[in-house]
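Asker: Structure below; questions to follow.
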Protein chains: 2
Amino acid sequence: MADALKIVVVGGVAAGPKAAARARRLDPRAEITILEKGTYISYSACGLPYFISKEVPEFKELLATPVGVMRDAGFFKKVKGFDVLTGKEVTAIDRGRKVATVRDLATSQEETYPYDKLVLATGAVPVRPRIPGIEAKNVFMIRQPEDGLAIMAALESRQPKRAVLVGAGAIGLEMAEALVKRGVEVTVVEAMEQIFPGLLDFEMGAILRRYLESKGVKVRTGEQVTSFGTDDEGRLSRVYTDKGEFPAELAVVAVGVRPNVDLARQAGLDIGETGAIKVDRELRTSDPDIYAGGDCAENFHRLLNRPVFVSSGQLANIQGRIIGTNLIGGRAVYHGMVGTTVARVFEYTAGGTGLSEAAARREGLDVVTALVPGPDHAHYLPQSLFVGLKMVADRATGRVLGVQVAGPGDCAKRLDVAAAAITMGATVDDMAQFNLGYAPPYSVAIDVLVNAAQVMQNKLSGVAQALTPLEVQALTDQGEDIMLLDVRTPAEFAEVRIKHPKAFALPLGRVRDKAPDLPKDKLYIPFCKLSLRGYEAAKILEGQGFKRVKFMDGGVIHWPFELEYGKP
Amino acid sequence: MADALKIVVVGGVAAGPKAAARARRLDPRAEITILEKGTYISYSACGLPYFISKEVPEFKELLATPVGVMRDAGFFKKVKGFDVLTGKEVTAIDRGRKVATVRDLATSQEETYPYDKLVLATGAVPVRPRIPGIEAKNVFMIRQPEDGLAIMAALESRQPKRAVLVGAGAIGLEMAEALVKRGVEVTVVEAMEQIFPGLLDFEMGAILRRYLESKGVKVRTGEQVTSFGTDDEGRLSRVYTDKGEFPAELAVVAVGVRPNVDLARQAGLDIGETGAIKVDRELRTSDPDIYAGGDCAENFHRLLNRPVFVSSGQLANIQGRIIGTNLIGGRAVYHGMVGTTVARVFEYTAGGTGLSEAAARREGLDVVTALVPGPDHAHYLPQSLFVGLKMVADRATGRVLGVQVAGPGDCAKRLDVAAAAITMGATVDDMAQFNLGYAPPYSVAIDVLVNAAQVMQNKLSGVAQALTPLEVQALTDQGEDIMLLDVRTPAEFAEVRIKHPKAFALPLGRVRDKAPDLPKDKLYIPFCKLSLRGYEAAKILEGQGFKRVKFMDGGVIHWPFELEYGKP
């Protein structure tokens, strides 16, 4: 009988424990040890904002299994059958001798761990921007349990009135919600010109921005924090930006993370162009006895067909399982991801999967897009809410490249369906006939996602011609002779309407009769709340011989500029 | 200029109006007329149970657009630009002369409508079983608005105490909920041995049955209504079955629908083996100038690769759009469906997509299945609820054939993701790496659907060996020497456990230590609440040299037989 396989795993969160547990189940004899530098293992970092908001009443719930068993060293030993050692920093890997050098952080003593197979699951660390004053008291990053506990302590002890969130990505926005729920006034400062840059296109970010502002969050985009000012005791008191300054007693800086590759670099492993550890599709590094997975390793984007760096607890778990299989001689292959991200922002859900329009255009792709919001279920049942939705497809092939969602309705469902479809290479023709579950509490007969795909078909075939809100604004700025026809009902118009000098109301039911009176030389741009009636009106005008008609994508819901409320 | 195309559409709900509206948008000159026998057009039949439960406060909302505009003849004329004539029954089609003969139901006069293209959207009619007494007062079918209004009137005027629902499909169960909400005691009688036959496998139906019973609904399966008894005034008073009798003052018979093909048959069009109108993939009947869609026409099942008959407002709309395109010379092709059905049953959601295990086995397919329930989102956020889930895959190819869901959690999302994936031909390997949106309010890192696919991978590769609850029961009945190990925590065991003479408690954390004391000759069947810890325990026992170990699929959640509650 051969010697038991010695497996050493560096890193005790997500990919590491998953790889170890999988290897253990497949090989009961293997000797498996996880070495973790920190105190906590196998925690849910994604849960920290909900701990800070007090939705999660106890910190330890982030460290426990669903039935309340702590995922500590004892749990892993008893249940999973391997050792997890905390406070152990791997300082070097001798790949020739196959030995890891480890410093015990409590005793400062050095130890060595021989291995047959090694797993790097060293994760990522928050990017710490070089902002003067960032070392001030009450300026936090958020990544590890300690960060969450420190923010919590600051909230409890100092009761800050005002907070600044630097960075309007998922973590920044989740933290904005958490802090508002704790009674703190929140300002979000984002260097890019929109909320959720990278994930959402501008118009989708605009929906979310308007909503955040309605919740009392101040949003400052296109603005950079230049320094943090402190009081006499070195505590944050003021934030200075390239556009102004404002008081704040708490700051959370969430401008991204970078892969933690120090150990891999020291060991001479290949680092990819993304800055993360290079791995093949079996998640093996340039050393065939060393695997890497989770945030420290390069990921693979199915649509871009190249390595990317992302931080994702989900993908870390998927990769950990693959590594576990391969550690004991299996041949599991990682297929890659499509960049799916979702976040709850108060009662809204926002997310994206695949490529945004901006990302697709950066890749040089010729794309068709549509903004097609819709109700999440039958309007006659209470609490039917809208799902804001943007779809991006490749013009030549019709392949769906990306879907973004934002709104109060059940956006998460449509996002996941889109993620599955994009993963499977669906075209808009496929999606336009998706046989999703229809019952009034869950959807309308033609689900918002299916409807969006049908609109995309119309656009690809030339049946529908539309302008995006940004294109409408550009035409306005150029002084084009346009007429924006708001074809909603008078009641809808009275409630809210877009603020635009060329917008006027003509309810859909009157378009057919009124059309003969309209001058035919203008460019008509009908729109409604969503898009459907705008499209309908465009077809009516076309049918009556109007040559210059394009409906406006996304209607009032997706209008990213100013709105007017109340009686006109 | 050629003459305008004359289009006659027979049927004013779903497929008919959709085809007409699409054709109108694509061809502004076409002369389009919809002829509808009934009073109401373009209504939401699926909304009737919610009207009866009073969740929909006003009947007219089922007939209105989301912004409250009535979808009546005026609406279709003004907005959509075509005529809808109600009370017009098409009695014959002269295909040679291309003329439809129509009887005006108000005047009884006969009229003729010439056509270039004709659309049959005559829908389906409820199956009326030959039960003596079915013509009694207060025995209803439910399909059309009139049916809903009649049930409503009976509830308001007679205030029945007890109702019977004949048929435990989606409509029967939705009506059961509606009637319970109206304070009526409900008994469901189903001829098959389970709830939701056809859609759900037995174990999935069992979850739903247990839940229905907890809501006070009496469920009688494997039982047939033999007659309805009446009082002196001819009103329903008693229900007789092949197994007994009970009082009831209201009955709703929902045992399925059949396609309405009378007109098509009269016109000599081909009727398929399913009993519905035969159509090609462009939805053309055997007469190239006549299209058919919606419930009157044969549908096409993507997995079975053959025509089927189904009733679906969603598919009717998808087909109507295709017909509208083809009416004016387009070449749209219907890709087919995967049988996705979802229903809300009180606070549970139940549904299925693709093939059930039973359906797949009837087709002679060699399948692998798994019962893999899981939480719908992170356990540490309030109201994380379970999604009961069954997956069926083809053993040879790993292709996912079907997914069923039932439970209080967000089942609808997983169902729709599965529907998209199955439509796109996903295998369990694809699904095991689906990059779905992960954030604690929406899912766990490894979503229940992805986890189920991973379990299927383990089963397909032989890593995991499991028994279904039905197989465990069969072994029990055969007197096999089995040991059912409940590896949940003592607290979970104290709350609820399966009632089985060979079940005993051994928490997962103690399995590793206790294993050496267990006799090795028995067949060990570990299980937990879901499946994960049961699988973990099985791998621990295997690792310690036990040769006969299989975990039980689906755990306590999917145990379809008796449970015990409270302290043991």
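Quick note on naming: the chains in the structure tokens go A, B, ... in the order shown, residues restart at 1 in each chain, and ligands are numbered from 1 in order of appearance.
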Taking 2 positions as the minimum chain separation for residues in the same chain, which residues sit within 7 Å of region 555-562 of chain B when counting only C-alpha atoms? Answer as a CSV table (one decimal) with N, CA, C and O atoms, in the first residue's frame.
Answerer:
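Once written, out-v6.csv looks like this:
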chain,number,residue,atom,x,y,z
B,203,GLU,N,-42.5,11.7,-4.7
B,203,GLU,CA,-41.9,12.3,-3.5
B,203,GLU,C,-42.1,13.8,-3.4
B,203,GLU,O,-42.2,14.4,-2.4
B,206,ALA,N,-45.5,14.5,-2.5
B,206,ALA,CA,-45.7,14.3,-1.0
B,206,ALA,C,-45.3,15.5,-0.2
B,206,ALA,O,-46.0,15.7,0.8
B,207,ILE,N,-44.3,16.2,-0.6
B,207,ILE,CA,-44.0,17.5,0.2
B,207,ILE,C,-45.2,18.4,0.2
B,207,ILE,O,-45.6,19.0,1.2
B,469,PRO,N,-36.0,7.7,-1.0
B,469,PRO,CA,-36.9,7.3,0.1
B,469,PRO,C,-37.8,6.1,-0.3
B,469,PRO,O,-38.0,5.2,0.5
B,497,ARG,N,-38.6,14.1,13.1
B,497,ARG,CA,-37.8,13.0,12.6
B,497,ARG,C,-38.7,12.1,11.8
B,497,ARG,O,-39.9,12.1,12.0
B,498,ILE,N,-38.1,11.3,11.0
B,498,ILE,CA,-38.9,10.3,10.2
B,498,ILE,C,-39.3,9.2,11.1
B,498,ILE,O,-38.6,8.8,12.0
B,499,LYS,N,-40.5,8.7,10.8
B,499,LYS,CA,-41.0,7.5,11.6
B,499,LYS,C,-40.6,6.3,10.9
B,499,LYS,O,-41.1,5.9,9.8
B,527,PHE,N,-28.6,9.9,6.7
B,527,PHE,CA,-29.4,11.0,6.1
B,527,PHE,C,-29.4,12.2,7.1
B,527,PHE,O,-29.0,12.0,8.2
B,528,CYS,N,-29.9,13.3,6.6
B,528,CYS,CA,-29.9,14.5,7.4
B,528,CYS,C,-31.2,15.3,7.1
B,528,CYS,O,-32.2,14.7,6.8
B,529,LYS,N,-31.1,16.6,7.2
B,529,LYS,CA,-32.3,17.4,6.8
B,529,LYS,C,-32.4,17.5,5.3
B,529,LYS,O,-33.5,17.3,4.8
B,530,LEU,N,-31.3,17.7,4.7
B,530,LEU,CA,-31.3,17.9,3.2
B,530,LEU,C,-30.7,16.6,2.6
B,530,LEU,O,-31.3,15.7,2.4
B,531,SER,N,-29.4,16.7,2.4
B,531,SER,CA,-28.7,15.5,1.9
B,531,SER,C,-27.2,15.6,2.2
B,531,SER,O,-26.5,14.6,2.2
B,552,MET,N,-29.3,8.6,2.1
B,552,MET,CA,-30.6,8.7,1.6
B,552,MET,C,-30.9,10.1,1.0
B,552,MET,O,-30.7,11.1,1.7
B,553,ASP,N,-31.3,10.1,-0.2
B,553,ASP,CA,-31.6,11.3,-1.0
B,553,ASP,C,-32.7,12.1,-0.3
B,553,ASP,O,-33.7,11.6,0.1
B,564,GLU,N,-42.5,12.3,12.8
B,564,GLU,CA,-42.9,12.4,14.2
B,564,GLU,C,-42.3,13.8,14.7
B,564,GLU,O,-41.2,14.2,14.4
Asker: Write out as a list in words each polymer residue whose atoms come within 8 Å of Tyr524 (chain B), counting only C-alpha atoms; drop sequence neighbours fewer than 6 positions from it.
Answerer: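 Everything that qualifies: Ile482, Met483, Leu484, Leu485, Arg548, Val549, Lys550 and Phe551 of chain B.
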Asker: Excluding region 391-405 of chain B and any residue of its chain fewer than 3 positions from it, enumerate the residues within 6 Å of it, using only C-alpha atoms, and give them as a ChimeraX atom specification.
Answerer: /B:350-356,366-370,388,411,426-428
Asker: Residues of the last selection are to be written out with all heavy atoms, as an mmCIF file, in the first residue's frame.
Answerer:
data_model
loop_
_atom_site.group_PDB
_atom_site.id
_atom_site.type_symbol
_atom_site.label_atom_id
_atom_site.label_comp_id
_atom_site.auth_asym_id
_atom_site.auth_seq_id
_atom_site.Cartn_x
_atom_site.Cartn_y
_atom_site.Cartn_z
ATOM 1 N N ALA B 350 -44.668 25.328 -6.259
ATOM 2 C CA ALA B 350 -44.387 24.000 -6.807
ATOM 3 C C ALA B 350 -44.333 24.105 -8.315
ATOM 4 O O ALA B 350 -45.081 24.885 -8.914
ATOM 5 C CB ALA B 350 -45.469 23.009 -6.391
ATOM 6 N N GLY B 351 -43.441 23.339 -8.909
ATOM 7 C CA GLY B 351 -43.370 23.387 -10.356
ATOM 8 C C GLY B 351 -42.426 22.344 -10.907
ATOM 9 O O GLY B 351 -41.745 21.628 -10.165
ATOM 10 N N GLY B 352 -42.412 22.268 -12.212
ATOM 11 C CA GLY B 352 -41.520 21.330 -12.873
ATOM 12 C C GLY B 352 -41.195 21.818 -14.267
ATOM 13 O O GLY B 352 -41.951 22.596 -14.856
ATOM 14 N N THR B 353 -40.055 21.376 -14.764
ATOM 15 C CA THR B 353 -39.678 21.679 -16.143
ATOM 16 C C THR B 353 -38.952 20.470 -16.710
ATOM 17 O O THR B 353 -38.299 19.737 -15.961
ATOM 18 C CB THR B 353 -38.812 22.956 -16.220
ATOM 19 O OG1 THR B 353 -38.512 23.230 -17.594
ATOM 20 C CG2 THR B 353 -37.514 22.824 -15.442
ATOM 21 N N GLY B 354 -39.107 20.245 -18.000
ATOM 22 C CA GLY B 354 -38.521 19.057 -18.606
ATOM 23 C C GLY B 354 -39.337 17.828 -18.252
ATOM 24 O O GLY B 354 -40.559 17.908 -18.120
ATOM 25 N N LEU B 355 -38.646 16.715 -18.053
ATOM 26 C CA LEU B 355 -39.346 15.458 -17.779
ATOM 27 C C LEU B 355 -39.219 15.080 -16.311
ATOM 28 O O LEU B 355 -38.153 15.197 -15.722
ATOM 29 C CB LEU B 355 -38.747 14.328 -18.629
ATOM 30 C CG LEU B 355 -38.725 14.547 -20.147
ATOM 31 C CD1 LEU B 355 -38.046 13.345 -20.830
ATOM 32 C CD2 LEU B 355 -40.129 14.752 -20.702
ATOM 33 N N SER B 356 -40.294 14.593 -15.745
ATOM 34 C CA SER B 356 -40.205 13.984 -14.418
ATOM 35 C C SER B 356 -39.516 12.630 -14.569
ATOM 36 O O SER B 356 -39.349 12.118 -15.685
ATOM 37 C CB SER B 356 -41.605 13.798 -13.834
ATOM 38 O OG SER B 356 -42.322 12.845 -14.605
ATOM 39 N N ASP B 366 -32.794 5.789 -19.529
ATOM 40 C CA ASP B 366 -32.038 5.359 -18.359
ATOM 41 C C ASP B 366 -31.605 6.621 -17.622
ATOM 42 O O ASP B 366 -30.757 7.370 -18.115
ATOM 43 C CB ASP B 366 -30.821 4.545 -18.805
ATOM 44 C CG ASP B 366 -30.039 4.006 -17.614
ATOM 45 O OD1 ASP B 366 -30.560 4.047 -16.472
ATOM 46 O OD2 ASP B 366 -28.890 3.561 -17.831
ATOM 47 N N VAL B 367 -32.203 6.854 -16.465
ATOM 48 C CA VAL B 367 -31.977 8.132 -15.802
ATOM 49 C C VAL B 367 -31.306 7.988 -14.447
ATOM 50 O O VAL B 367 -31.364 6.937 -13.815
ATOM 51 C CB VAL B 367 -33.298 8.916 -15.607
ATOM 52 C CG1 VAL B 367 -33.929 9.258 -16.944
ATOM 53 C CG2 VAL B 367 -34.274 8.135 -14.726
ATOM 54 N N VAL B 368 -30.652 9.055 -14.039
ATOM 55 C CA VAL B 368 -30.145 9.204 -12.677
ATOM 56 C C VAL B 368 -30.950 10.333 -12.058
ATOM 57 O O VAL B 368 -31.278 11.307 -12.745
ATOM 58 C CB VAL B 368 -28.647 9.563 -12.694
ATOM 59 C CG1 VAL B 368 -28.124 9.768 -11.282
ATOM 60 C CG2 VAL B 368 -27.863 8.484 -13.406
ATOM 61 N N THR B 369 -31.281 10.199 -10.775
ATOM 62 C CA THR B 369 -32.076 11.249 -10.131
ATOM 63 C C THR B 369 -31.451 11.625 -8.796
ATOM 64 O O THR B 369 -30.664 10.856 -8.230
ATOM 65 C CB THR B 369 -33.518 10.781 -9.849
ATOM 66 O OG1 THR B 369 -33.489 9.812 -8.789
ATOM 67 C CG2 THR B 369 -34.153 10.167 -11.085
ATOM 68 N N ALA B 370 -31.774 12.780 -8.322
ATOM 69 C CA ALA B 370 -31.358 13.184 -6.973
ATOM 70 C C ALA B 370 -32.425 14.080 -6.370
ATOM 71 O O ALA B 370 -33.021 14.907 -7.058
ATOM 72 C CB ALA B 370 -30.019 13.900 -7.013
ATOM 73 N N GLY B 388 -37.333 22.581 -2.039
ATOM 74 C CA GLY B 388 -37.270 21.143 -2.315
ATOM 75 C C GLY B 388 -36.978 20.971 -3.797
ATOM 76 O O GLY B 388 -37.576 21.661 -4.621
ATOM 77 N N CYS B 411 -38.525 28.949 -5.055
ATOM 78 C CA CYS B 411 -38.459 27.828 -5.996
ATOM 79 C C CYS B 411 -38.567 28.308 -7.432
ATOM 80 O O CYS B 411 -38.012 27.691 -8.346
ATOM 81 C CB CYS B 411 -39.599 26.847 -5.734
ATOM 82 S SG CYS B 411 -39.498 26.001 -4.152
ATOM 83 N N ALA B 426 -28.284 21.786 -21.455
ATOM 84 C CA ALA B 426 -27.232 21.715 -20.433
ATOM 85 C C ALA B 426 -27.090 20.304 -19.864
ATOM 86 O O ALA B 426 -28.067 19.595 -19.674
ATOM 87 C CB ALA B 426 -27.530 22.698 -19.304
ATOM 88 N N THR B 427 -25.854 19.938 -19.573
ATOM 89 C CA THR B 427 -25.568 18.702 -18.845
ATOM 90 C C THR B 427 -25.382 19.040 -17.366
ATOM 91 O O THR B 427 -25.275 20.212 -16.992
ATOM 92 C CB THR B 427 -24.269 18.051 -19.351
ATOM 93 O OG1 THR B 427 -23.191 18.958 -19.083
ATOM 94 C CG2 THR B 427 -24.335 17.772 -20.853
ATOM 95 N N VAL B 428 -25.314 18.002 -16.542
ATOM 96 C CA VAL B 428 -25.057 18.265 -15.122
ATOM 97 C C VAL B 428 -23.672 18.888 -14.939
ATOM 98 O O VAL B 428 -23.467 19.684 -14.021
ATOM 99 C CB VAL B 428 -25.219 16.998 -14.236
ATOM 100 C CG1 VAL B 428 -26.655 16.491 -14.296
ATOM 101 C CG2 VAL B 428 -24.262 15.904 -14.630
#
Asker: So which residues touch region 436-450 of chain A within 8 Å, counting only C-alpha atoms, skipping near sequence neighbours fewer than 6 positions away, as a list of chain:residue names?
Answerer: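 What passes the distance filter is A:Val372, A:Pro373, A:Gly374, A:Pro375, A:Asp376, A:His377, A:Ala378, A:Leu381, A:Val387, A:Leu389, A:Arg414, A:Ala418, B:Cys46, B:Gly47, B:Gly313, B:Gln314, B:Asn317, B:Ile318, B:Thr340, B:Thr341, B:Val342, B:Ala343, B:Arg344, B:Gly351, B:Ala412, B:Leu415, B:Asp416, B:Ala419, B:Ala420.
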Asker: As a list in words, please: the residues near Gly329 (chain A) (cut-off 10 Å, only C-alpha atoms, same-chain neighbours under 4 positions excluded).
Answerer: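 Selected residues are Ala23, Leu26, Asp27, Ile323, Gly324 and Thr325 of chain A.
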Asker: For the selection just defined, write its residues with N, CA and C atoms to a file, as a JSON list (two decimals), in the first residue's frame.
Answerer:
[["chain", "number", "residue", "atom", "x", "y", "z"],
["A", 23, "ALA", "N", -11.25, 16.51, -1.32],
["A", 23, "ALA", "CA", -10.16, 15.52, -1.38],
["A", 23, "ALA", "C", -10.36, 14.45, -0.30],
["A", 26, "LEU", "N", -12.96, 11.95, -1.27],
["A", 26, "LEU", "CA", -12.55, 11.06, -2.36],
["A", 26, "LEU", "C", -11.39, 10.16, -1.94],
["A", 27, "ASP", "N", -10.61, 10.58, -0.95],
["A", 27, "ASP", "CA", -9.45, 9.79, -0.51],
["A", 27, "ASP", "C", -9.40, 9.80, 1.01],
["A", 323, "ILE", "N", -10.39, 21.48, -7.58],
["A", 323, "ILE", "CA", -9.04, 21.21, -7.07],
["A", 323, "ILE", "C", -9.04, 19.96, -6.22],
["A", 324, "GLY", "N", -10.06, 19.83, -5.36],
["A", 324, "GLY", "CA", -10.15, 18.64, -4.51],
["A", 324, "GLY", "C", -10.16, 17.36, -5.32],
["A", 325, "THR", "N", -10.90, 17.39, -6.42],
["A", 325, "THR", "CA", -10.96, 16.22, -7.31],
["A", 325, "THR", "C", -9.59, 15.93, -7.92]]
Asker: As a ChimeraX atom specification, please: every residue in region 95-175 of chain A that DSSP puts in helix (DSSP H, G or I).
Answerer: /A:145-158,170-175
Asker: Fewer than 4 positions away in the same chain doesn't count, so skip those; otherwise give me all residues within 8 Å of region 501-515 of chain B, counting only C-alpha atoms, as a list in words.
Answerer: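 Using only C-alpha atoms, the neighbours found are Phe75, Lys78 and Val79 of chain A; Ile482, Met483, Leu484, Leu485, Asp486, Val487, Arg488, Thr489, Pro490, Phe493, Arg533, Ala537, Ile540, Leu541 and Gln544 of chain B.
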Asker: Please dump the current selection as a compact mmCIF listing (two decimals), in the first residue's frame; keep all heavy atoms.
Answerer:
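Dumped to result-v1.txt:
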# COMPACT_ATOMS: atom_id res chain seq x y z
N PHE A 75 -14.65 21.34 14.31
CA PHE A 75 -15.62 20.90 13.30
C PHE A 75 -14.92 20.24 12.13
O PHE A 75 -15.30 19.15 11.68
CB PHE A 75 -16.43 22.13 12.83
CG PHE A 75 -17.22 21.90 11.58
CD1 PHE A 75 -18.44 21.23 11.61
CD2 PHE A 75 -16.76 22.38 10.35
CE1 PHE A 75 -19.18 21.04 10.44
CE2 PHE A 75 -17.50 22.20 9.19
CZ PHE A 75 -18.70 21.52 9.23
N LYS A 78 -13.49 16.82 13.29
CA LYS A 78 -14.48 15.79 13.58
C LYS A 78 -15.31 15.42 12.35
O LYS A 78 -15.54 14.26 12.06
CB LYS A 78 -15.46 16.30 14.65
CG LYS A 78 -15.03 15.98 16.07
CD LYS A 78 -16.20 16.26 17.01
CE LYS A 78 -15.82 16.14 18.47
NZ LYS A 78 -15.29 14.86 18.86
N VAL A 79 -15.78 16.44 11.65
CA VAL A 79 -16.73 16.18 10.58
C VAL A 79 -16.02 15.95 9.26
O VAL A 79 -16.32 15.01 8.53
CB VAL A 79 -17.73 17.36 10.45
CG1 VAL A 79 -18.57 17.20 9.20
CG2 VAL A 79 -18.61 17.41 11.69
N ILE B 482 -31.19 -3.11 7.56
CA ILE B 482 -30.68 -1.76 7.33
C ILE B 482 -30.61 -0.97 8.63
O ILE B 482 -31.26 -1.30 9.62
CB ILE B 482 -31.57 -0.99 6.32
CG1 ILE B 482 -33.00 -0.84 6.85
CG2 ILE B 482 -31.57 -1.68 4.97
CD1 ILE B 482 -33.89 0.00 5.95
N MET B 483 -29.77 0.07 8.61
CA MET B 483 -29.67 1.02 9.72
C MET B 483 -29.77 2.41 9.13
O MET B 483 -28.90 2.82 8.35
CB MET B 483 -28.31 0.90 10.41
CG MET B 483 -28.16 -0.33 11.24
SD MET B 483 -28.94 -0.11 12.86
CE MET B 483 -27.48 -0.22 13.91
N LEU B 484 -30.83 3.11 9.51
CA LEU B 484 -31.00 4.48 9.04
C LEU B 484 -30.37 5.42 10.05
O LEU B 484 -30.86 5.53 11.18
CB LEU B 484 -32.49 4.79 8.89
CG LEU B 484 -33.17 4.34 7.60
CD1 LEU B 484 -34.68 4.35 7.75
CD2 LEU B 484 -32.75 5.23 6.45
N LEU B 485 -29.26 6.05 9.66
CA LEU B 485 -28.55 6.94 10.58
C LEU B 485 -28.99 8.38 10.38
O LEU B 485 -28.71 8.98 9.35
CB LEU B 485 -27.04 6.89 10.33
CG LEU B 485 -26.29 5.62 10.63
CD1 LEU B 485 -24.78 5.87 10.46
CD2 LEU B 485 -26.59 5.16 12.04
N ASP B 486 -29.66 8.93 11.36
CA ASP B 486 -30.05 10.34 11.31
C ASP B 486 -28.89 11.15 11.89
O ASP B 486 -28.69 11.19 13.10
CB ASP B 486 -31.33 10.54 12.13
CG ASP B 486 -31.91 11.94 11.97
OD1 ASP B 486 -31.14 12.88 11.67
OD2 ASP B 486 -33.13 12.09 12.17
N VAL B 487 -28.13 11.81 11.02
CA VAL B 487 -26.88 12.45 11.47
C VAL B 487 -27.07 13.93 11.78
O VAL B 487 -26.10 14.69 11.87
CB VAL B 487 -25.73 12.25 10.44
CG1 VAL B 487 -25.49 10.77 10.20
CG2 VAL B 487 -26.00 12.98 9.13
N ARG B 488 -28.31 14.35 11.97
CA ARG B 488 -28.55 15.75 12.32
C ARG B 488 -28.20 16.01 13.80
O ARG B 488 -27.89 15.08 14.54
CB ARG B 488 -30.02 16.09 12.05
CG ARG B 488 -30.40 15.98 10.58
CD ARG B 488 -31.90 16.18 10.39
NE ARG B 488 -32.66 15.26 11.22
CZ ARG B 488 -33.85 15.52 11.75
NH1 ARG B 488 -34.44 16.68 11.52
NH2 ARG B 488 -34.46 14.63 12.51
N THR B 489 -28.30 17.26 14.19
CA THR B 489 -28.02 17.61 15.59
C THR B 489 -29.14 17.10 16.49
O THR B 489 -30.27 16.89 16.03
CB THR B 489 -27.93 19.13 15.76
OG1 THR B 489 -29.21 19.70 15.47
CG2 THR B 489 -26.89 19.75 14.84
N PRO B 490 -28.86 16.93 17.78
CA PRO B 490 -29.92 16.50 18.71
C PRO B 490 -31.12 17.46 18.69
O PRO B 490 -32.27 17.02 18.80
CB PRO B 490 -29.21 16.51 20.07
CG PRO B 490 -27.77 16.27 19.73
CD PRO B 490 -27.54 16.96 18.42
N PHE B 493 -33.23 16.67 15.75
CA PHE B 493 -33.90 15.39 15.95
C PHE B 493 -35.10 15.54 16.87
O PHE B 493 -36.16 14.95 16.65
CB PHE B 493 -32.89 14.38 16.55
CG PHE B 493 -33.40 12.97 16.61
CD1 PHE B 493 -33.36 12.15 15.48
CD2 PHE B 493 -33.92 12.46 17.80
CE1 PHE B 493 -33.84 10.84 15.55
CE2 PHE B 493 -34.40 11.15 17.86
CZ PHE B 493 -34.34 10.34 16.73
N ARG B 533 -25.12 16.41 4.76
CA ARG B 533 -24.48 15.73 5.89
C ARG B 533 -24.63 14.21 5.80
O ARG B 533 -23.77 13.46 6.24
CB ARG B 533 -25.04 16.27 7.21
CG ARG B 533 -24.56 17.67 7.54
CD ARG B 533 -25.27 18.24 8.76
NE ARG B 533 -26.66 18.58 8.47
CZ ARG B 533 -27.59 18.86 9.37
NH1 ARG B 533 -27.29 18.79 10.66
NH2 ARG B 533 -28.81 19.18 9.01
N ALA B 537 -21.51 11.78 5.95
CA ALA B 537 -21.43 10.62 6.85
C ALA B 537 -21.15 9.34 6.08
O ALA B 537 -20.38 8.48 6.52
CB ALA B 537 -22.75 10.49 7.63
N ILE B 540 -17.56 9.21 5.35
CA ILE B 540 -16.79 8.89 6.56
C ILE B 540 -16.81 7.38 6.81
O ILE B 540 -15.78 6.75 7.06
CB ILE B 540 -17.34 9.65 7.79
CG1 ILE B 540 -17.08 11.16 7.62
CG2 ILE B 540 -16.73 9.13 9.08
CD1 ILE B 540 -17.76 12.03 8.68
N LEU B 541 -18.00 6.80 6.73
CA LEU B 541 -18.11 5.35 6.96
C LEU B 541 -17.34 4.58 5.91
O LEU B 541 -16.61 3.64 6.23
CB LEU B 541 -19.59 4.93 6.98
CG LEU B 541 -20.42 5.47 8.15
CD1 LEU B 541 -21.89 5.09 7.98
CD2 LEU B 541 -19.90 4.94 9.49
N GLN B 544 -13.83 4.48 6.60
CA GLN B 544 -13.43 3.60 7.69
C GLN B 544 -13.68 2.13 7.33
O GLN B 544 -13.72 1.28 8.21
CB GLN B 544 -14.17 4.00 8.97
CG GLN B 544 -13.79 5.42 9.40
CD GLN B 544 -13.99 5.66 10.89
OE1 GLN B 544 -14.15 4.72 11.67
NE2 GLN B 544 -13.97 6.93 11.28
Asker: For Met424 (chain B), find every residue with an atom within 12 Å (counting only C-alpha atoms), except residues of its own chain fewer than 6 positions away, and show them as a VMD selection string.
Answerer: (chain A and resid 417 to 418 420 to 427 429 to 431 433 to 435) or (chain B and resid 302 to 303 335 to 338 354 399 to 401 417 to 418 430 to 431)
Asker: Just the number, please: distance in Å from CA of Val119 (chain A) to CA of Gly11 (chain A), one decimal.
Answerer: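 If I compute the distance from CA of Val119 (chain A) to CA of Gly11 (chain A), I get 8.4 Å.
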Asker: Could you check which of A:Leu327, A:Ala316, A:Ala466, A:Leu118 is closest to chain B, using only C-alpha atoms?
Answerer: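 Residue with the minimum atom-to-atom distance to chain B: A:Ala316.
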